[in-house]
file data.cif (mmCIF, C-alpha atoms)
data_target
#
loop_
_atom_site.label_atom_id
_atom_site.label_comp_id
_atom_site.auth_asym_id
_atom_site.auth_seq_id
_atom_site.Cartn_x
_atom_site.Cartn_y
_atom_site.Cartn_z
CA MET A 194 18.12 -24.95 225.07
CA ARG A 195 16.03 -26.78 222.50
CA ILE A 196 15.99 -30.49 223.28
CA VAL A 197 14.49 -33.31 221.20
CA ILE A 198 13.52 -36.49 223.07
CA ALA A 199 12.99 -39.83 221.32
CA GLY A 200 10.32 -41.89 223.04
CA GLY A 201 8.57 -38.70 224.11
CA HIS A 202 5.59 -40.52 225.65
CA GLY A 203 7.72 -42.86 227.77
CA GLN A 204 7.57 -42.73 231.55
CA ILE A 205 11.03 -41.20 231.96
CA ALA A 206 10.59 -38.88 228.97
CA LEU A 207 7.34 -37.35 230.26
CA ARG A 208 9.00 -36.65 233.61
CA LEU A 209 12.01 -35.12 231.84
CA GLU A 210 9.79 -32.98 229.60
CA ARG A 211 8.07 -31.53 232.67
CA LEU A 212 11.42 -30.69 234.31
CA LEU A 213 12.91 -29.11 231.20
CA ALA A 214 9.78 -27.09 230.35
CA LYS A 215 9.65 -25.84 233.94
CA ARG A 216 13.19 -24.50 233.74
CA GLY A 217 12.47 -22.74 230.46
CA ASP A 218 13.90 -25.11 227.86
CA GLU A 219 12.08 -25.72 224.58
CA VAL A 220 11.30 -29.44 224.30
CA ALA A 221 10.02 -31.65 221.48
CA GLY A 222 8.91 -35.21 222.22
CA ILE A 223 8.97 -37.70 219.34
CA ILE A 224 5.98 -40.05 219.59
CA ARG A 225 4.73 -42.96 217.51
CA ARG A 226 0.98 -42.46 217.83
CA PRO A 227 -1.02 -39.22 217.47
CA GLU A 228 -3.18 -40.12 220.48
CA GLN A 229 -0.11 -39.73 222.71
CA ALA A 230 0.14 -36.02 221.85
CA GLY A 231 -2.11 -34.80 224.68
CA ASP A 232 0.13 -36.21 227.41
CA VAL A 233 3.23 -34.70 225.81
CA LEU A 234 1.53 -31.30 225.53
CA ALA A 235 0.44 -31.52 229.15
CA ALA A 236 4.08 -32.11 230.11
CA GLY A 237 5.01 -28.83 228.42
CA ALA A 238 6.57 -30.29 225.27
CA GLU A 239 5.77 -30.13 221.57
CA PRO A 240 4.56 -33.53 220.29
CA VAL A 241 6.19 -34.70 217.05
CA VAL A 242 4.65 -37.78 215.42
CA CYS A 243 7.41 -39.87 213.83
CA ASP A 244 7.79 -43.66 213.94
CA LEU A 245 11.48 -44.41 214.56
CA GLU A 246 10.99 -47.96 213.27
CA SER A 247 10.02 -46.80 209.77
CA ALA A 248 11.28 -43.21 209.39
CA SER A 249 14.33 -42.27 207.33
CA VAL A 250 17.36 -40.45 208.73
CA GLU A 251 16.24 -37.36 206.77
CA ASP A 252 12.73 -37.52 208.31
CA VAL A 253 14.13 -37.55 211.84
CA ALA A 254 16.89 -35.02 211.15
CA ARG A 255 14.25 -32.56 209.97
CA HIS A 256 12.67 -32.65 213.44
CA MET A 257 16.08 -32.02 215.02
CA GLU A 258 16.94 -28.84 213.15
CA ASP A 259 18.06 -26.05 215.50
CA ALA A 260 18.18 -28.41 218.50
CA ASP A 261 20.96 -28.04 221.07
CA ALA A 262 20.69 -31.57 222.40
CA ALA A 263 18.99 -34.92 221.82
CA VAL A 264 17.94 -37.57 224.34
CA PHE A 265 17.19 -41.17 223.36
CA ALA A 266 14.61 -42.44 225.87
CA ALA A 267 12.61 -44.74 223.59
CA GLY A 268 12.10 -48.45 224.15
CA ALA A 269 10.06 -51.29 222.71
CA GLY A 270 8.42 -51.55 226.13
CA PRO A 271 6.80 -54.38 228.06
CA GLY A 272 5.00 -56.99 226.02
CA SER A 273 7.22 -56.55 222.97
CA GLY A 274 9.11 -59.55 221.63
CA ILE A 275 12.74 -60.24 220.80
CA GLU A 276 12.51 -58.77 217.30
CA ARG A 277 11.32 -55.34 218.50
CA LYS A 278 14.05 -55.19 221.14
CA ASP A 279 16.44 -55.10 218.20
CA THR A 280 14.47 -52.75 215.93
CA VAL A 281 13.73 -50.21 218.69
CA ASP A 282 16.31 -50.54 221.45
CA ARG A 283 19.21 -50.94 219.00
CA GLY A 284 17.98 -49.89 215.55
CA ALA A 285 16.11 -46.75 216.58
CA THR A 286 19.07 -45.60 218.70
CA ALA A 287 21.32 -45.83 215.64
CA LEU A 288 18.76 -44.01 213.49
CA PHE A 289 18.37 -41.23 216.06
CA ALA A 290 22.17 -40.91 216.32
CA ASP A 291 22.48 -40.78 212.51
CA ALA A 292 19.82 -38.05 212.45
CA ALA A 293 21.54 -36.06 215.21
CA GLU A 294 24.80 -36.15 213.25
CA ALA A 295 22.99 -35.16 210.03
CA ALA A 296 21.30 -32.23 211.82
CA GLY A 297 24.53 -31.14 213.52
CA VAL A 298 23.23 -31.85 217.03
CA ARG A 299 26.33 -32.88 218.99
CA ARG A 300 25.04 -33.26 222.57
CA PHE A 301 23.47 -36.72 222.78
CA LEU A 302 22.19 -38.54 225.87
CA VAL A 303 21.12 -42.19 225.93
CA VAL A 304 18.98 -43.87 228.57
CA SER A 305 20.46 -47.37 228.62
CA SER A 306 20.28 -50.15 231.21
CA MET A 307 22.50 -51.56 233.89
CA GLY A 308 23.88 -54.89 232.68
CA ALA A 309 24.07 -53.79 229.04
CA ASP A 310 27.87 -54.03 229.09
CA ARG A 311 28.08 -57.80 229.45
CA GLU A 312 26.50 -61.01 228.19
CA PRO A 313 23.31 -61.73 230.18
CA PRO A 314 23.75 -64.48 232.80
CA GLU A 315 22.62 -67.99 231.91
CA GLY A 316 18.94 -68.48 232.71
CA THR A 317 18.01 -64.84 231.93
CA ASP A 318 14.56 -64.53 230.35
CA PRO A 319 15.19 -64.63 226.55
CA VAL A 320 13.31 -61.39 225.84
CA PHE A 321 15.12 -59.53 228.62
CA ALA A 322 18.43 -60.98 227.41
CA ALA A 323 17.63 -59.68 223.90
CA TYR A 324 16.87 -56.27 225.42
CA LEU A 325 20.21 -56.13 227.24
CA ARG A 326 22.12 -57.22 224.12
CA ALA A 327 20.28 -54.59 222.03
CA LYS A 328 21.10 -51.90 224.59
CA GLY A 329 24.74 -52.98 224.70
CA ALA A 330 25.03 -52.88 220.90
CA ALA A 331 23.35 -49.46 220.81
CA ASP A 332 25.72 -48.07 223.44
CA ALA A 333 28.76 -49.39 221.57
CA ASP A 334 27.50 -47.77 218.37
CA VAL A 335 27.00 -44.38 220.04
CA ARG A 336 30.38 -44.52 221.79
CA ALA A 337 32.12 -45.08 218.44
CA ARG A 338 30.74 -41.84 216.93
CA ALA A 339 33.19 -38.95 216.85
CA GLY A 340 30.38 -36.66 215.68
CA LEU A 341 28.47 -36.85 218.98
CA ASP A 342 29.21 -35.47 222.45
CA TRP A 343 27.55 -38.42 224.13
CA THR A 344 26.76 -39.43 227.69
CA ILE A 345 25.20 -42.85 228.41
CA LEU A 346 23.13 -43.29 231.57
CA ARG A 347 22.50 -46.82 232.85
CA PRO A 348 19.91 -46.81 235.64
CA GLY A 349 19.26 -49.76 237.93
CA ARG A 350 15.82 -51.34 238.27
CA LEU A 351 13.25 -48.61 237.62
CA THR A 352 10.41 -47.92 240.05
CA ASN A 353 7.48 -45.52 240.14
CA ASP A 354 8.16 -44.56 243.76
CA PRO A 355 8.30 -40.80 244.33
CA GLY A 356 11.80 -39.45 243.67
CA THR A 357 13.96 -38.65 246.68
CA GLY A 358 16.43 -36.44 244.80
CA LEU A 359 19.21 -38.53 246.37
CA VAL A 360 21.28 -40.82 244.15
CA THR A 361 24.51 -42.70 243.59
CA LEU A 362 25.99 -41.85 240.18
CA ALA A 363 29.30 -43.43 239.17
CA ASP A 364 31.10 -45.54 236.54
CA ALA A 365 29.93 -48.56 238.56
CA THR A 366 27.38 -48.43 241.39
CA GLY A 367 26.42 -52.04 242.08
CA ARG A 368 22.89 -53.28 241.43
CA SER A 369 19.93 -51.57 243.07
CA GLU A 370 16.82 -49.65 242.10
CA VAL A 371 16.03 -46.02 241.33
CA PRO A 372 12.76 -44.09 240.86
CA ARG A 373 12.03 -42.81 237.36
CA ASP A 374 11.64 -39.32 238.89
CA ASP A 375 15.30 -39.36 239.88
CA VAL A 376 16.44 -40.71 236.49
CA ALA A 377 14.71 -37.76 234.81
CA ALA A 378 16.27 -35.31 237.28
CA VAL A 379 19.75 -36.69 236.55
CA LEU A 380 19.19 -36.46 232.77
CA ALA A 381 18.14 -32.81 233.14
CA GLU A 382 21.36 -32.04 235.03
CA LEU A 383 23.54 -34.01 232.59
CA LEU A 384 22.25 -31.85 229.73
CA ASN A 385 23.79 -28.85 231.49
CA GLU A 386 27.09 -30.53 232.29
CA PRO A 387 29.49 -30.81 229.32
CA SER A 388 32.18 -32.35 231.54
CA THR A 389 30.20 -35.62 231.49
CA ILE A 390 30.70 -36.00 227.72
CA GLY A 391 32.24 -39.38 226.86
CA ARG A 392 31.10 -41.00 230.11
CA THR A 393 29.01 -44.13 230.67
CA LEU A 394 27.44 -43.80 234.12
CA GLU A 395 25.40 -46.11 236.33
CA LEU A 396 22.63 -44.69 238.51
CA VAL A 397 20.84 -46.02 241.59
CA SER A 398 19.24 -44.46 244.65
CA GLY A 399 21.73 -43.15 247.17
CA GLU A 400 22.49 -40.31 249.55
CA VAL A 401 23.88 -37.54 247.33
CA PRO A 402 21.62 -34.78 245.95
CA VAL A 403 21.24 -35.02 242.15
CA LYS A 404 23.04 -31.72 241.36
CA GLU A 405 25.98 -32.63 243.60
CA ALA A 406 26.18 -36.16 242.17
CA VAL A 407 26.39 -34.84 238.60
CA ARG A 408 28.94 -32.19 239.55
CA ALA A 409 31.04 -34.83 241.29
CA VAL A 410 31.25 -37.13 238.25
CA ALA A 411 32.00 -34.07 236.12
CA GLY A 412 35.00 -33.39 238.33
CA HIS A 413 33.82 -30.14 239.96
#

call {"tool": "encode", "arguments": {"input": "data.cif", "output": "structure tokens"}}
result
Amino acid sequence: MRIVIAGGHGQIALRLERLLAKRGDEVAGIIRRPEQAGDVLAAGAEPVVCDLESASVEDVARHMEDADAAVFAAGAGPGSGIERKDTVDRGATALFADAAEAAGVRRFLVVSSMGADREPPEGTDPVFAAYLRAKGAADADVRARAGLDWTILRPGRLTNDPGTGLVTLADATGRSEVPRDDVAAVLAELLNEPSTIGRTLELVSGEVPVKEAVRAVAGH
């Protein structure tokens, strides 16, 4: 497969690039800054410099030609304010989805966030609340597109602990945490599992091996 990943220098994306390259897929990682290219190359992916906050649909679609799948794993990141939560976490998702449709790339995965499906509780930090609202709006936009075979993954609180390869993956899991290693492993499996198209899934650490967990939600 040829897979294009938005947010190619992100912590989950770099892990996913390594996994996909290792299994023989061709991977392109879209990055904002040229100095990020070395890390993407080291992960086994082709770095593509393209700023999703300023690029046109045509610009992005050009980088997606001949791709079999697209993964949106970009984010405004820590330290960014309310405005960039909207321009990146919502706006860039819509742009990437528009570009996928324009390029004829149907398979489309989104790394979202647990809690994006409801209004943030009172007292939530305003920037984090803006992030959750942006993620929720982005998910709703993707789910409304008939031109995409989408799957939305909503991990719990992300950690940098080593992955265990054991997860709980379901429509609703309850709140908990999950290592980024295991999020990447689940994304890699979801790309190979068309029976998860049209599903919004929550992910936390658990007791089921990643492959089995994905097969179970796919109904195998």

call {"tool": "residues_around", "arguments": {"input": "data.cif", "residues": "segment 344-353 of chain A", "least_positions_apart": "5", "cutoff": "7 Å", "atoms": "all atoms listed in the file", "output": "NGL selection string"}}
result
:A and (301-307 or 368-373 or 389-397)

call {"tool": "resolve_selection", "arguments": {"input": "data.cif", "expression": "the PyMOL selection byres ((chain A and resi 322) around 12)", "output": "tab-separated table (two decimals) with C-alpha atoms, keeping the file's coordinate frame"}}
result
chain	number	residue	atom	x	y	z
A	274	GLY	CA	9.11	-59.55	221.63
A	275	ILE	CA	12.74	-60.24	220.80
A	276	GLU	CA	12.51	-58.77	217.30
A	278	LYS	CA	14.05	-55.19	221.14
A	279	ASP	CA	16.44	-55.10	218.20
A	306	SER	CA	20.28	-50.15	231.21
A	308	GLY	CA	23.88	-54.89	232.68
A	309	ALA	CA	24.07	-53.79	229.04
A	310	ASP	CA	27.87	-54.03	229.09
A	311	ARG	CA	28.08	-57.80	229.45
A	312	GLU	CA	26.50	-61.01	228.19
A	313	PRO	CA	23.31	-61.73	230.18
A	314	PRO	CA	23.75	-64.48	232.80
A	315	GLU	CA	22.62	-67.99	231.91
A	316	GLY	CA	18.94	-68.48	232.71
A	317	THR	CA	18.01	-64.84	231.93
A	318	ASP	CA	14.56	-64.53	230.35
A	319	PRO	CA	15.19	-64.63	226.55
A	320	VAL	CA	13.31	-61.39	225.84
A	321	PHE	CA	15.12	-59.53	228.62
A	323	ALA	CA	17.63	-59.68	223.90
A	324	TYR	CA	16.87	-56.27	225.42
A	325	LEU	CA	20.21	-56.13	227.24
A	326	ARG	CA	22.12	-57.22	224.12
A	327	ALA	CA	20.28	-54.59	222.03
A	328	LYS	CA	21.10	-51.90	224.59
A	329	GLY	CA	24.74	-52.98	224.70

call {"tool": "closest_residue", "arguments": {"input": "data.cif", "among": "A:Thr361, A:Arg208, A:Ala248, A:Asp259", "to": "Ala235 of chain A", "atoms": "only C-alpha atoms"}}
result
A:Arg208

call {"tool": "resolve_selection", "arguments": {"input": "data.cif", "expression": "the PyMOL selection byres ((chain A and resi 221-224) around 6)", "output": "ChimeraX atom specification"}}
result
/A:197-201,220,225-226,238-243

call {"tool": "closest_residue", "arguments": {"input": "data.cif", "among": "A:Met257, A:Val264, A:Leu207, A:Ala330", "to": "Trp343 of chain A", "atoms": "only C-alpha atoms"}}
result
A:Val264

call {"tool": "resolve_selection", "arguments": {"input": "data.cif", "expression": "the PyMOL selection byres ((chain A and resi 296) around 9)", "output": "mmCIF file with C-alpha atoms, in the frame of the given file"}}
result
data_model
loop_
_atom_site.group_PDB
_atom_site.id
_atom_site.type_symbol
_atom_site.label_atom_id
_atom_site.label_comp_id
_atom_site.auth_asym_id
_atom_site.auth_seq_id
_atom_site.Cartn_x
_atom_site.Cartn_y
_atom_site.Cartn_z
ATOM 1 C CA GLU A 251 16.240 -37.360 206.770
ATOM 2 C CA VAL A 253 14.130 -37.550 211.840
ATOM 3 C CA ALA A 254 16.890 -35.020 211.150
ATOM 4 C CA ARG A 255 14.250 -32.560 209.970
ATOM 5 C CA HIS A 256 12.670 -32.650 213.440
ATOM 6 C CA MET A 257 16.080 -32.020 215.020
ATOM 7 C CA GLU A 258 16.940 -28.840 213.150
ATOM 8 C CA ASP A 259 18.060 -26.050 215.500
ATOM 9 C CA ALA A 260 18.180 -28.410 218.500
ATOM 10 C CA ASP A 291 22.480 -40.780 212.510
ATOM 11 C CA ALA A 292 19.820 -38.050 212.450
ATOM 12 C CA ALA A 293 21.540 -36.060 215.210
ATOM 13 C CA GLU A 294 24.800 -36.150 213.250
ATOM 14 C CA ALA A 295 22.990 -35.160 210.030
ATOM 15 C CA GLY A 297 24.530 -31.140 213.520
ATOM 16 C CA VAL A 298 23.230 -31.850 217.030
ATOM 17 C CA ARG A 299 26.330 -32.880 218.990
#

call {"tool": "residues_around", "arguments": {"input": "data.cif", "residues": "Asn385 of chain A", "least_positions_apart": "5", "cutoff": "12 Å", "atoms": "all atoms listed in the file", "output": "list in words"}}
result
Met194, Ile196, Leu213, Arg216, Asp218, Asp261, Ala262, Arg300, Phe301, Leu302, Thr344, Ala378, Val379, Leu380, Ile390, Lys404, Val407, Arg408 and Ala411 of chain A

call {"tool": "build_atoms", "arguments": {"input": "data.cif", "residues": "segment 195-206 of chain A", "atoms": "all heavy atoms", "output": "JSON list (two decimals), in the coordinates of the input"}}
result
[["chain", "number", "residue", "atom", "x", "y", "z"],
["A", 195, "ARG", "N", 17.08, -26.00, 223.16],
["A", 195, "ARG", "CA", 16.03, -26.78, 222.50],
["A", 195, "ARG", "C", 16.48, -28.23, 222.53],
["A", 195, "ARG", "O", 17.58, -28.57, 222.07],
["A", 195, "ARG", "CB", 15.81, -26.31, 221.05],
["A", 195, "ARG", "CG", 14.80, -27.20, 220.31],
["A", 195, "ARG", "CD", 14.39, -26.61, 218.96],
["A", 195, "ARG", "NE", 13.64, -27.59, 218.16],
["A", 195, "ARG", "CZ", 12.36, -27.90, 218.34],
["A", 195, "ARG", "NH1", 11.68, -27.32, 219.33],
["A", 195, "ARG", "NH2", 11.75, -28.79, 217.57],
["A", 196, "ILE", "N", 15.64, -29.09, 223.07],
["A", 196, "ILE", "CA", 15.99, -30.49, 223.28],
["A", 196, "ILE", "C", 14.94, -31.37, 222.62],
["A", 196, "ILE", "O", 13.74, -31.17, 222.81],
["A", 196, "ILE", "CB", 16.09, -30.79, 224.79],
["A", 196, "ILE", "CG1", 17.18, -29.92, 225.43],
["A", 196, "ILE", "CG2", 16.39, -32.27, 225.04],
["A", 196, "ILE", "CD1", 16.91, -29.54, 226.84],
["A", 197, "VAL", "N", 15.39, -32.36, 221.85],
["A", 197, "VAL", "CA", 14.49, -33.31, 221.20],
["A", 197, "VAL", "C", 14.64, -34.66, 221.89],
["A", 197, "VAL", "O", 15.75, -35.17, 222.05],
["A", 197, "VAL", "CB", 14.80, -33.44, 219.70],
["A", 197, "VAL", "CG1", 13.86, -34.45, 219.05],
["A", 197, "VAL", "CG2", 14.68, -32.08, 219.01],
["A", 198, "ILE", "N", 13.51, -35.24, 222.32],
["A", 198, "ILE", "CA", 13.52, -36.49, 223.07],
["A", 198, "ILE", "C", 12.84, -37.58, 222.26],
["A", 198, "ILE", "O", 11.67, -37.45, 221.87],
["A", 198, "ILE", "CB", 12.80, -36.33, 224.42],
["A", 198, "ILE", "CG1", 13.46, -35.22, 225.25],
["A", 198, "ILE", "CG2", 12.80, -37.65, 225.20],
["A", 198, "ILE", "CD1", 12.73, -34.89, 226.54],
["A", 199, "ALA", "N", 13.58, -38.66, 221.98],
["A", 199, "ALA", "CA", 12.99, -39.83, 221.32],
["A", 199, "ALA", "C", 12.29, -40.68, 222.37],
["A", 199, "ALA", "O", 12.82, -40.88, 223.46],
["A", 199, "ALA", "CB", 14.07, -40.65, 220.62],
["A", 200, "GLY", "N", 11.09, -41.16, 222.04],
["A", 200, "GLY", "CA", 10.32, -41.89, 223.04],
["A", 200, "GLY", "C", 9.61, -40.91, 223.95],
["A", 200, "GLY", "O", 9.52, -41.10, 225.16],
["A", 201, "GLY", "N", 9.10, -39.83, 223.34],
["A", 201, "GLY", "CA", 8.57, -38.70, 224.11],
["A", 201, "GLY", "C", 7.39, -39.00, 225.00],
["A", 201, "GLY", "O", 7.06, -38.21, 225.89],
["A", 202, "HIS", "N", 6.73, -40.17, 224.80],
["A", 202, "HIS", "CA", 5.59, -40.52, 225.65],
["A", 202, "HIS", "C", 5.99, -41.55, 226.70],
["A", 202, "HIS", "O", 5.16, -42.03, 227.45],
["A", 202, "HIS", "CB", 4.45, -41.07, 224.78],
["A", 202, "HIS", "CG", 3.15, -41.21, 225.52],
["A", 202, "HIS", "ND1", 2.66, -42.44, 225.94],
["A", 202, "HIS", "CD2", 2.25, -40.29, 225.92],
["A", 202, "HIS", "CE1", 1.51, -42.25, 226.57],
["A", 202, "HIS", "NE2", 1.23, -40.96, 226.57],
["A", 203, "GLY", "N", 7.27, -41.89, 226.77],
["A", 203, "GLY", "CA", 7.72, -42.86, 227.77],
["A", 203, "GLY", "C", 7.67, -42.28, 229.18],
["A", 203, "GLY", "O", 7.57, -41.07, 229.37],
["A", 204, "GLN", "N", 7.74, -43.18, 230.16],
["A", 204, "GLN", "CA", 7.57, -42.73, 231.55],
["A", 204, "GLN", "C", 8.69, -41.80, 232.00],
["A", 204, "GLN", "O", 8.45, -40.82, 232.71],
["A", 204, "GLN", "CB", 7.48, -43.95, 232.47],
["A", 204, "GLN", "CG", 6.24, -44.80, 232.21],
["A", 204, "GLN", "CD", 6.07, -45.87, 233.27],
["A", 204, "GLN", "OE1", 5.76, -45.58, 234.42],
["A", 204, "GLN", "NE2", 6.30, -47.12, 232.90],
["A", 205, "ILE", "N", 9.92, -42.10, 231.60],
["A", 205, "ILE", "CA", 11.03, -41.20, 231.96],
["A", 205, "ILE", "C", 10.94, -39.92, 231.14],
["A", 205, "ILE", "O", 11.14, -38.82, 231.66],
["A", 205, "ILE", "CB", 12.38, -41.91, 231.77],
["A", 205, "ILE", "CG1", 12.56, -43.00, 232.83],
["A", 205, "ILE", "CG2", 13.54, -40.91, 231.86],
["A", 205, "ILE", "CD1", 13.77, -43.91, 232.61],
["A", 206, "ALA", "N", 10.63, -40.06, 229.85],
["A", 206, "ALA", "CA", 10.59, -38.88, 228.97],
["A", 206, "ALA", "C", 9.56, -37.86, 229.43],
["A", 206, "ALA", "O", 9.83, -36.65, 229.44],
["A", 206, "ALA", "CB", 10.29, -39.32, 227.54]]
